[in-house]
Every structure is written in structure tokens, then in C-alpha cells.
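Student: For reference, this is input_17.txt, and it has compact mmCIF, C-alpha atoms.
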```
# COMPACT_ATOMS: atom_id res chain seq x y z
CA MET A 1 0.00 0.00 0.00
CA ARG A 2 1.12 3.54 -0.67
CA CYS A 3 1.71 6.20 1.98
CA VAL A 4 -1.49 8.06 1.04
CA GLU A 5 -3.62 5.02 1.80
CA ILE A 6 -1.67 4.04 4.93
CA LYS A 7 -1.96 7.54 6.36
CA LYS A 8 -5.77 7.22 6.20
CA LEU A 9 -5.62 3.99 8.18
CA ILE A 10 -3.25 5.17 10.92
CA PRO A 11 -5.84 7.03 13.10
CA VAL A 12 -8.03 3.94 13.48
CA TYR A 13 -4.98 1.71 13.80
CA LEU A 14 -3.83 3.79 16.75
CA ASP A 15 -7.17 3.13 18.46
CA GLY A 16 -6.69 -0.60 17.97
CA GLU A 17 -9.89 -0.75 15.96
CA SER A 18 -8.54 -1.67 12.52
CA ASP A 19 -9.57 -4.97 11.04
CA PRO A 20 -6.80 -7.62 10.87
CA GLN A 21 -5.84 -6.99 7.22
CA GLU A 22 -5.54 -3.25 7.70
CA THR A 23 -3.56 -3.74 10.91
CA MET A 24 -1.07 -5.97 9.11
CA ALA A 25 -0.79 -3.60 6.16
CA VAL A 26 -0.07 -0.62 8.43
CA LYS A 27 2.48 -2.51 10.54
CA GLU A 28 4.33 -3.77 7.48
CA HIS A 29 4.44 -0.35 5.87
CA LEU A 30 5.52 1.44 9.05
CA ALA A 31 8.46 -0.94 9.44
CA SER A 32 10.14 0.66 6.46
CA CYS A 33 8.60 4.13 6.01
CA ALA A 34 10.01 6.98 8.10
CA ALA A 35 7.51 9.49 6.74
CA CYS A 36 4.52 7.43 7.89
CA GLN A 37 6.20 6.83 11.22
CA LYS A 38 6.41 10.60 11.65
CA GLU A 39 2.73 10.89 10.77
CA LEU A 40 1.88 8.27 13.36
CA HIS A 41 3.85 10.10 16.05
CA ALA A 42 2.19 13.42 15.22
CA LEU A 43 -1.24 11.82 15.51
CA GLU A 44 -0.25 10.15 18.77
CA ARG A 45 1.03 13.39 20.24
CA SER A 46 -2.03 15.47 19.43
CA TRP A 47 -4.34 12.72 20.69
CA LYS A 48 -2.37 12.48 23.92
CA MET A 49 -2.49 16.26 24.30
CA LEU A 50 -6.27 16.08 24.60
CA GLY A 51 -5.63 14.76 28.10
CA GLU A 52 -4.62 18.30 29.13
CA TRP A 53 -8.34 19.16 29.19
CA GLN A 54 -9.22 17.45 32.42
CA ASN A 55 -12.59 16.65 33.93
CA ILE A 56 -14.33 19.16 36.17
CA GLU A 57 -16.64 18.56 39.10
CA PRO A 58 -20.33 19.39 38.73
CA SER A 59 -21.71 21.80 41.32
CA PRO A 60 -22.30 19.96 44.59
CA GLY A 61 -25.86 19.17 45.64
CA TYR A 62 -26.95 18.02 42.20
CA VAL A 63 -29.01 15.18 43.68
CA SER A 64 -31.04 17.40 46.01
CA ARG A 65 -31.45 19.98 43.22
CA PHE A 66 -32.85 17.20 41.08
CA TRP A 67 -35.43 16.06 43.64
CA THR A 68 -36.50 19.66 44.17
CA ARG A 69 -37.21 19.96 40.45
CA VAL A 70 -39.12 16.68 40.45
CA SER A 71 -41.33 17.84 43.31
CA LEU A 72 -42.11 21.11 41.52
CA GLN A 73 -43.35 19.31 38.43
CA ARG A 74 -46.93 18.18 37.75
CA PRO A 75 -48.73 20.08 40.55
CA TRP A 76 -52.06 19.80 38.69
CA ARG A 77 -52.38 16.12 39.45
CA GLU A 78 -52.07 16.69 43.19
CA ARG A 79 -54.61 19.55 43.02
CA VAL A 80 -57.24 17.39 41.35
CA ALA A 81 -56.65 14.49 43.75
CA ARG A 82 -56.92 16.81 46.75
CA GLY A 83 -60.14 18.31 45.38
CA ILE A 84 -61.80 14.92 45.08
CA GLN A 85 -60.73 14.01 48.59
CA GLU A 86 -62.06 17.20 50.19
CA SER A 87 -65.42 16.99 48.41
CA LEU A 88 -66.04 13.45 49.53
CA GLU A 89 -65.22 14.50 53.08
CA GLY A 90 -67.79 17.28 52.87
CA LEU A 91 -70.53 14.94 51.62
CA ARG A 92 -69.98 12.43 54.40
CA ARG A 93 -70.32 15.16 57.07
CA LYS A 94 -73.69 16.39 55.73
CA ARG A 95 -75.16 12.84 55.54
CA LEU A 96 -76.30 13.15 51.98
CA ALA A 97 -76.39 9.42 51.31
CA PRO A 98 -78.63 9.37 48.20
CA VAL A 99 -76.79 12.29 46.75
CA PHE A 100 -73.55 10.59 47.69
CA ALA A 101 -74.60 7.54 45.69
CA ALA A 102 -75.24 9.71 42.65
CA VAL A 103 -71.94 11.42 43.19
CA CYS A 104 -70.16 8.07 43.32
CA VAL A 105 -71.42 7.25 39.87
CA LEU A 106 -70.22 10.59 38.59
CA VAL A 107 -66.92 10.28 40.39
CA PHE A 108 -66.19 6.84 39.02
CA THR A 109 -66.99 8.02 35.53
CA GLY A 110 -64.76 11.00 36.15
CA ILE A 111 -61.92 8.94 37.54
CA PHE A 112 -62.11 6.52 34.65
CA SER A 113 -61.99 9.39 32.20
CA LEU A 114 -59.27 11.10 34.19
CA ARG A 115 -57.20 7.94 34.26
CA ASN A 116 -57.44 7.62 30.54
CA TYR A 117 -56.79 11.30 30.10
CA TRP A 118 -53.69 11.09 32.31
CA GLN A 119 -52.49 8.08 30.40
CA MET A 120 -53.01 9.86 27.13
CA ARG A 121 -51.33 12.98 28.45
CA GLU A 122 -48.48 10.98 29.94
CA ALA A 123 -48.04 9.24 26.62
CA GLN A 124 -48.00 12.60 24.88
CA ASP A 125 -45.57 13.98 27.45
CA LEU A 126 -43.35 10.96 27.07
CA ALA A 127 -43.52 11.27 23.30
CA ALA A 128 -42.65 14.94 23.68
CA ASN A 129 -39.87 14.26 26.20
CA LEU A 130 -38.32 11.34 24.40
CA ASN A 131 -37.82 11.41 20.69
CA GLN A 132 -38.43 8.40 18.49
CA GLU A 133 -34.86 7.17 18.78
CA GLU A 134 -34.95 7.27 22.59
CA LEU A 135 -38.45 5.74 22.75
CA GLU A 136 -37.43 2.81 20.58
CA MET A 137 -34.60 2.04 22.97
CA VAL A 138 -36.93 1.49 25.90
CA PHE A 139 -40.55 1.05 24.85
CA ASP A 140 -42.17 -1.80 22.97
CA HIS A 141 -44.93 0.43 21.62
CA PRO A 142 -43.69 3.98 21.45
CA SER A 143 -46.97 5.33 20.09
CA LEU A 144 -49.73 4.47 22.48
CA GLY A 145 -52.74 5.03 20.23
CA ALA A 146 -53.69 8.24 21.98
CA ALA A 147 -56.36 8.81 19.37
CA GLU A 148 -58.41 6.01 20.94
CA ASP A 149 -58.71 8.05 24.07
CA ILE A 150 -59.98 11.20 22.40
CA GLU A 151 -63.61 10.34 23.19
CA LEU A 152 -62.81 9.86 26.85
CA ALA A 153 -60.75 13.02 26.87
CA GLU A 154 -63.75 14.90 25.52
CA ASN A 155 -65.85 13.49 28.36
CA PHE A 156 -63.24 14.73 30.77
CA ASP A 157 -63.62 18.26 29.40
CA ILE A 158 -67.35 18.20 30.15
CA ILE A 159 -66.84 16.88 33.66
CA GLN A 160 -64.13 19.41 34.32
CA ASP A 161 -66.38 22.29 33.24
CA ILE A 162 -69.07 21.23 35.67
CA ASP A 163 -66.70 21.77 38.56
CA PHE A 164 -68.91 19.61 40.71
CA PHE A 165 -66.23 19.12 43.30
CA GLU A 166 -67.23 22.41 44.85
CA ASP A 167 -70.79 22.96 43.73
CA LEU A 168 -73.31 20.95 45.81
CA GLU A 169 -76.31 22.41 43.99
CA VAL A 170 -75.05 21.00 40.75
CA ILE A 171 -74.43 17.65 42.39
CA GLU A 172 -78.01 17.50 43.69
CA ASN A 173 -79.24 17.85 40.13
CA ALA A 174 -76.77 15.22 38.93
CA ASP A 175 -79.32 13.18 36.97
CA SER A 176 -80.21 16.10 34.78
CA LEU A 177 -76.63 16.57 33.68
CA GLU A 178 -75.87 15.62 30.12
CA LEU A 179 -73.09 13.12 29.82
CA ILE A 180 -72.07 11.22 26.74
CA MET T 1 -50.96 -22.15 13.93
CA ILE T 2 -50.53 -22.05 17.65
CA MET T 3 -47.96 -19.59 18.79
CA LEU T 4 -46.05 -20.62 21.84
CA PHE T 5 -44.91 -17.59 23.74
CA VAL T 6 -41.64 -18.37 25.37
CA ASP T 7 -39.91 -15.73 27.40
CA LYS T 8 -36.53 -15.16 25.84
CA PRO T 9 -34.08 -13.93 28.43
CA ASN T 10 -33.40 -10.25 27.89
CA PRO T 11 -29.63 -9.94 27.29
CA PHE T 12 -29.59 -6.45 28.76
CA LEU T 13 -30.56 -7.77 32.17
CA ASP T 14 -26.89 -8.61 32.58
CA ASP T 15 -26.27 -4.89 32.71
CA PRO T 16 -26.28 -3.89 36.42
CA ASP T 17 -27.42 -0.39 35.50
CA VAL T 18 -30.40 -1.81 33.64
CA ARG T 19 -31.29 -3.73 36.79
CA LEU T 20 -30.99 -0.54 38.84
CA MET T 21 -33.31 1.22 36.41
CA LEU T 22 -35.83 -1.59 36.78
CA GLU T 23 -35.67 -1.05 40.54
CA VAL T 24 -36.40 2.61 39.93
CA GLN T 25 -39.40 1.45 37.95
CA GLY T 26 -40.46 -0.47 41.03
CA GLY T 27 -40.39 2.77 43.01
CA ASN T 28 -36.87 2.61 44.42
CA ASN T 29 -35.54 6.17 44.41
CA ARG T 30 -32.35 5.08 46.13
CA SER T 31 -31.46 3.09 43.02
CA PHE T 32 -32.06 6.20 40.97
CA GLU T 33 -29.61 8.09 43.16
CA THR T 34 -27.06 5.32 42.64
CA LEU T 35 -27.43 5.83 38.91
CA MET T 36 -27.10 9.58 39.39
CA HIS T 37 -23.89 9.27 41.36
CA LYS T 38 -22.46 7.00 38.70
CA TYR T 39 -23.47 8.92 35.60
CA TYR T 40 -23.94 12.54 36.60
CA PRO T 41 -20.25 13.62 36.66
CA ARG T 42 -19.59 11.72 33.43
CA LEU T 43 -22.57 13.16 31.59
CA PHE T 44 -21.84 16.62 32.94
CA ASN T 45 -18.32 16.51 31.50
CA PHE T 46 -19.56 15.01 28.24
CA ILE T 47 -22.13 17.76 27.80
CA PHE T 48 -19.73 20.47 28.99
CA ARG T 49 -17.11 19.47 26.45
CA PHE T 50 -19.71 19.38 23.71
CA VAL T 51 -21.59 22.62 24.36
CA GLY T 52 -18.69 24.53 25.88
CA ARG T 53 -20.48 26.35 28.73
CA ARG T 54 -20.56 25.17 32.31
CA GLU T 55 -23.92 26.66 33.45
CA ILE T 56 -25.65 25.26 30.39
CA ALA T 57 -24.07 21.88 30.97
CA GLU T 58 -25.38 21.89 34.57
CA ASP T 59 -28.94 22.54 33.37
CA LEU T 60 -28.80 20.04 30.55
CA THR T 61 -27.45 17.29 32.79
CA GLN T 62 -30.41 17.82 35.13
CA GLU T 63 -32.68 17.58 32.08
CA VAL T 64 -31.18 14.23 31.13
CA PHE T 65 -32.01 12.77 34.53
CA LEU T 66 -35.49 14.26 34.52
CA LYS T 67 -36.18 12.52 31.23
CA VAL T 68 -34.82 9.24 32.55
CA TYR T 69 -36.82 9.54 35.77
CA HIS T 70 -40.10 10.29 34.01
CA ALA T 71 -39.56 7.41 31.60
CA ALA T 72 -39.13 4.93 34.45
CA SER T 73 -42.74 3.74 34.59
CA ARG T 74 -42.62 2.38 31.05
CA TYR T 75 -38.96 1.38 30.85
CA ARG T 76 -38.22 -1.80 28.87
CA PRO T 77 -34.51 -2.49 28.46
CA LYS T 78 -33.69 -2.72 24.78
CA SER T 79 -30.13 -1.44 24.97
CA LYS T 80 -27.35 -1.02 27.49
CA PHE T 81 -28.33 1.62 30.03
CA GLN T 82 -25.19 3.62 29.20
CA THR T 83 -26.12 3.73 25.52
CA TRP T 84 -29.61 4.95 26.33
CA ILE T 85 -28.61 7.68 28.76
CA TYR T 86 -25.79 8.96 26.54
CA THR T 87 -28.20 9.02 23.60
CA ILE T 88 -30.51 11.24 25.63
CA ALA T 89 -27.56 13.46 26.58
CA LYS T 90 -26.44 13.63 22.96
CA ASN T 91 -29.91 14.67 21.77
CA ILE T 92 -30.38 17.24 24.49
CA SER T 93 -27.00 18.76 23.65
CA LEU T 94 -27.68 18.79 19.92
CA ASN T 95 -31.06 20.45 20.52
CA GLU T 96 -29.41 23.09 22.66
CA LEU T 97 -26.90 23.95 19.97
CA ARG T 98 -29.64 23.97 17.36
CA HIS T 99 -31.68 26.49 19.31
CA HIS T 100 -28.79 28.63 20.40
CA LYS T 101 -26.83 28.64 17.18
CA LYS T 102 -23.41 29.25 18.47
CA ILE T 103 -22.65 29.16 22.13
CA ALA T 104 -19.45 31.11 22.43
CA VAL T 105 -16.89 29.03 24.18
CA SER T 106 -15.75 31.03 27.12
CA LEU T 107 -12.11 30.45 27.71
CA ASP T 108 -12.64 31.95 31.14
CA ASP T 109 -14.72 28.94 32.11
CA PRO T 110 -12.70 26.89 34.51
CA PHE T 111 -11.07 23.67 33.37
CA VAL T 112 -10.97 22.56 36.90
CA SER T 113 -13.12 21.86 39.93
CA ASP T 114 -14.92 24.64 41.72
CA ASP T 115 -12.25 24.60 44.38
CA GLY T 116 -10.05 26.92 42.41
CA PRO T 117 -6.78 26.44 40.62
CA MET T 118 -6.15 22.97 39.40
CA GLU T 119 -4.49 20.59 41.78
CA ARG T 120 -2.11 19.04 39.35
CA GLN T 121 -0.21 15.91 40.08
CA ILE T 122 3.27 17.07 40.96
CA GLU T 123 6.16 14.93 41.96
CA ASP T 124 7.62 17.23 44.56
CA THR T 125 5.36 18.73 47.16
CA ALA T 126 6.93 22.16 46.99
CA ALA T 127 5.19 24.86 44.92
CA PRO T 128 5.02 23.86 41.22
CA ARG T 129 7.14 25.82 38.76
CA ALA T 130 4.97 28.65 37.53
CA ASP T 131 6.05 28.37 33.90
CA GLU T 132 5.17 24.68 33.76
CA GLN T 133 1.71 25.43 35.08
CA ILE T 134 1.24 28.18 32.55
CA LEU T 135 2.34 25.90 29.74
CA ARG T 136 -0.16 23.25 30.78
CA GLU T 137 -2.96 25.77 31.03
CA GLU T 138 -2.09 27.05 27.59
CA ALA T 139 -2.10 23.51 26.27
CA ALA T 140 -5.52 22.93 27.84
CA ALA T 141 -6.85 26.12 26.26
CA ALA T 142 -5.49 25.07 22.88
CA VAL T 143 -7.14 21.68 23.24
CA ARG T 144 -10.49 23.25 24.11
CA GLU T 145 -10.29 25.53 21.12
CA ALA T 146 -9.26 22.68 18.80
CA ILE T 147 -12.14 20.46 19.91
CA ASP T 148 -14.59 23.34 19.70
CA SER T 149 -13.49 24.01 16.12
CA LEU T 150 -14.45 20.50 15.01
CA PRO T 151 -17.77 19.89 13.22
CA GLN T 152 -20.38 18.63 15.70
CA ASN T 153 -20.29 14.97 14.68
CA GLN T 154 -16.51 14.82 14.82
CA ARG T 155 -16.50 16.64 18.16
CA MET T 156 -18.98 14.21 19.65
CA ALA T 157 -17.07 11.16 18.39
CA VAL T 158 -13.81 12.53 19.79
CA ILE T 159 -15.35 13.26 23.19
CA LEU T 160 -16.94 9.82 23.41
CA ARG T 161 -13.71 8.08 22.41
CA ARG T 162 -11.08 10.13 24.15
CA TYR T 163 -12.86 11.21 27.34
CA GLU T 164 -15.66 8.67 27.82
CA GLN T 165 -13.57 5.72 26.58
CA PHE T 166 -16.36 4.36 24.39
CA SER T 167 -15.53 1.61 21.96
CA TYR T 168 -16.25 2.25 18.29
CA GLU T 169 -19.26 -0.03 18.60
CA GLU T 170 -20.60 1.98 21.54
CA ILE T 171 -20.04 5.24 19.68
CA ALA T 172 -21.87 3.77 16.69
CA GLN T 173 -24.87 2.81 18.84
CA THR T 174 -25.01 6.15 20.64
CA MET T 175 -24.63 8.22 17.50
CA ARG T 176 -26.79 5.91 15.41
CA LEU T 177 -24.04 5.33 12.86
CA SER T 178 -22.34 2.30 11.39
CA VAL T 179 -18.93 1.39 12.79
CA LYS T 180 -17.52 2.20 9.35
CA ALA T 181 -18.94 5.71 9.60
CA VAL T 182 -17.43 6.11 13.07
CA LYS T 183 -14.03 5.08 11.72
CA SER T 184 -14.31 7.67 8.99
CA LEU T 185 -15.48 10.34 11.43
CA LEU T 186 -12.67 9.73 13.90
CA SER T 187 -10.04 9.56 11.17
CA ARG T 188 -11.03 12.99 9.94
CA ALA T 189 -11.31 14.35 13.47
CA LYS T 190 -7.87 13.11 14.48
CA GLU T 191 -6.37 14.56 11.30
CA ASN T 192 -7.99 17.92 12.07
CA LEU T 193 -6.78 17.86 15.66
CA LYS T 194 -3.27 16.95 14.57
CA ASN T 195 -3.21 19.90 12.18
CA LYS T 196 -4.39 22.27 14.87
CA LEU T 197 -2.36 21.02 17.80
CA THR T 198 0.90 19.88 16.22
CA PRO T 199 1.14 21.98 13.08
CA ALA T 200 4.92 21.88 12.94
CA GLU T 201 4.76 18.13 12.51
CA THR T 202 2.15 18.20 9.80
CA PHE T 203 3.24 17.50 6.26
CA GLU T 204 1.60 16.29 3.10
```
How does this structure look as C-alpha cells?

Tutor:
Amino acid sequence: MRCVEIKKLIPVYLDGESDPQETMAVKEHLASCAACQKELHALERSWKMLGEWQNIEPSPGYVSRFWTRVSLQRPWRERVARGIQESLEGLRRKRLAPVFAAVCVLVFTGIFSLRNYWQMREAQDLAANLNQEELEMVFDHPSLGAAEDIELAENFDIIQDIDFFEDLEVIENADSLELI
Amino acid sequence: MIMLFVDKPNPFLDDPDVRLMLEVQGGNNRSFETLMHKYYPRLFNFIFRFVGRREIAEDLTQEVFLKVYHAASRYRPKSKFQTWIYTIAKNISLNELRHHKKIAVSLDDPFVSDDGPMERQIEDTAAPRADEQILREEAAAAVREAIDSLPQNQRMAVILRRYEQFSYEEIAQTMRLSVKAVKSLLSRAKENLKNKLTPAETFE
């Protein structure tokens, strides 16, 4: 092989990643070519010089900073959960058993819709947070058929507008509410 | 035809970091912290060398772990954990450079830990010779500038090989390239670095 071709092989040869034929070709050529030996040494030197740029320490406390950020994310979920809890507490205190039964039906419908909405939203968030390449590395089904949940998501919008968690009058007229 | 579903053992379960991530999936935040302690400094340096700014690298490294944490519930190991997390770091860094066209490399950014001037390894415990220290700092600055001058793909391949000690195969998986393409990339990168850092020794 000529010097021009050998020179192209030297960088990978230096990393020990050449295939056997190339390795042999480079070794044989270097044994008798001073010019290519010089080239090899120049490449070795510059590569070694990269070690002058040493690692730095990240700012301390990166773990606690991380958990703080995690706790600040997704507050809306906790707000909805707390709202449901407080409303149910209020109903129990006023002994509105028949109304409570009607509310249960509404709540279960709501929770079912919410669950599907959260799943759809989580899937969308995940799809937004991880691109296709990253999703394929960890998920079996990167696209979770969010379109199937559109109907349920639309139900959720209606339930959300009612705001029945805080409005007892609306709850008492539960059977006259239009739900799909 | 009756399909018999036999569970093939997942080869990535041999990876201890994959197993840690599965524990995170099971709700174990301590395992997540173990992964953080292992990968945070490495990813921070990887991102810092790629984007060139320390504060940005701090933010982006946090972003990497937020992505990993929020993906935990649906995690299915289909690659080595290292490959996955470095892929996320690569993409976050590329996005950052895309949105902020050129982040000027500040040569005032420290090369060293926050504790101040670099504690270099010195044979004698007396004060190091000032000129030697200056020479090394100049060399470090030249290296930073040389790496920053590389095209993004070459820069990333160099960082993964030289500083993260990735094999060519690992670089190929992280950068979504063939090994042949990685060889070509690194050959060109090394040639460019040689021309910048040892110009007196360069000849045609």
C-alpha cells in the first residue's frame, strides 16, 4: 500500500480498531517508512495532548437539586386528587347518602376518564420528552394510540367544566346533567 | 398455527445499570440516586465538552435525569443503560446547539473543579514551577479551542472516544451510525486535531 492510503488507516490503527488486514498492512508499511512513522507520532502526540483538558466537578448538591425539580413538576395532578378528597369528606359530614350515591357514579366516571386522560397525556408527554430514537430504545410500543382516548378526553372536558367538586347544587341535580 | 410464547431472556438484564433502572421502575428512588452518582459527573463533562459552557451543561445534565426519571414507569430495556442515557444526553446537547446557534466558548470557564486552581499531580510537594503550570494551562486552552473548532459529529465522536472511553461499537450505537462511519469520522477528526495542535509536525 502507498503512503497516502496508509496515512488514512493510521488514526483507526492507533485506536486498535482496525480490522486484521488493515492492521497488518499498516504494521508492514511502518516498518520501512520513516515518513509514515512521523505521521503516526504526530497523531499520537495530538491525541495524547487532549488529556490536558481534564474533567471538572459538577456543582455539589446536584441530587437534592434534582429532587426539588421533580417535586415542583406536575402540581395539577395533586390539586385534582386533593379536590376529590375534600369533596367526599364534605358529603360524608352532611349525611347526603342518596346524593352521595349519585356522586359516586359521577366520580367513578370521572376517575375513569381522568385515568385515561392522564395516560393519554403521559403518553403525549413521554412522546414529547423522548424522541423516536430514545423511545425505541426502551418502549415496545412507542406510540400508544392516543387517538383512541380522544372520546374519553372529551368526556373529561365536560366533567371538568361542571366543577362539581365544589358545587353541591349541581351535584343535587346530577341526573339532569348531560353526559355522553 | 398455535404460537407458543416463550420468554426469551433479555440480554440487557446482565447490565447492572439496567437492573438498577428496573428497581427505579419499582419505586426505588435510592437506586435512581445510585445511577445519578455514577453517571452525573460523566454526563456533565460530556455535555460540557460538547456545548462549551458550564452553566448550560449543569442545566442540561439535570434535564437528562429528569427525562430518565419520568420514563421509568414504562422502561423496557432494549439497549445497554449507558447507551440509552448517553443518547438522551447527545440529543439534548444537539437540541441546545440547534436552538442557540453558536454558544461562544468562554475560555474563562474553569477547566478545573470549583475549588479553584487545578491541583495538578506534581512529583515534589513544593510549589510547582509557575512556567510549567502556565504551559499546561495554555495547552488545555489550545485543546479546548481545537475540539470546539471541530464539526459537531466529529466533536462528539472525539469526546466519546477520548474522554468517555467508548468503543467504536458503543459510539456507533449512541450516534446511530455504522462502525464504518465512526471510523471515517474519527479519522477525519484526528487529522484535524493533529493539524491544529501539532502543526509543525504536519506534512503532506

Student: Using all atoms listed in the file, which of T:Leu97, T:Ile85, T:Met21, T:Ile159 sits nearest T:Ile147?

Tutor: T:Ile159

Student: List the spatial neighbours of A:Thr23 as a VMD selection string - criterion: any atom at most 12 Å away, all atoms listed in the file, same-chain residues fewer than 2 positions off excluded.

Tutor: chain A and resid 6 9 to 21 25 to 30

Student: Up to 9 Å from chain T, what residues of chain A turn up? Count all atoms listed in the file and give them as a PyMOL selection string.

Tutor: chain A and resi 8-12+17-18+38-39+41-47+49-59+62-63+65-66+69-70+126+129-131+133-134+136-140

Student: Nearest to T:Tyr86 among T:His99, T:Ser178, T:Asn153, T:Ile47, with distances taken over all atoms listed in the file: which residue is it?

Tutor: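 Of the candidates, the smallest distance to T:Tyr86 is held by T:Ile47.
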
Student: Please compute the atom CA of T:Glu145-atom CA of A:Glu5 distance, one decimal, in Å.

Tutor: 29.0 Å

Student: Go through T:Val24, T:Val51, T:Ala157, T:Ile56 one by one, measure the shortest atom-to-atom distance of each to T:Glu170 using all atoms listed in the file, and give the residue with the smallest value.

Tutor: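 Distance minimum relative to T:Glu170 lands on T:Ala157.
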
Student: Do you have the atom CA of T:Gln25-atom CA of A:Thr109 distance handy?

Tutor: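 Interatomic distance here is 28.5 Å.
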
Student: Expressed in Å to a single decimal, how great is the separation between atom CA of A:Arg121 and atom CA of A:Leu135?

Tutor: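 Taking atom CA of A:Arg121 as the start and atom CA of A:Leu135 as the end point, the length is 15.8 Å.
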
Student: Counting all atoms listed in the file, which of T:Gly26, T:Gln152, T:Gln82, T:Gly52 gets nearest to T:Phe12?

Tutor: T:Gln82

Student: Given the choices A:Glu122, A:Gly61, A:Cys3, A:Ala97, which gets closest to A:Ser32 if the distance is worked out from all atoms listed in the file?

Tutor: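 Residue with the minimum atom-to-atom distance to A:Ser32: A:Cys3.
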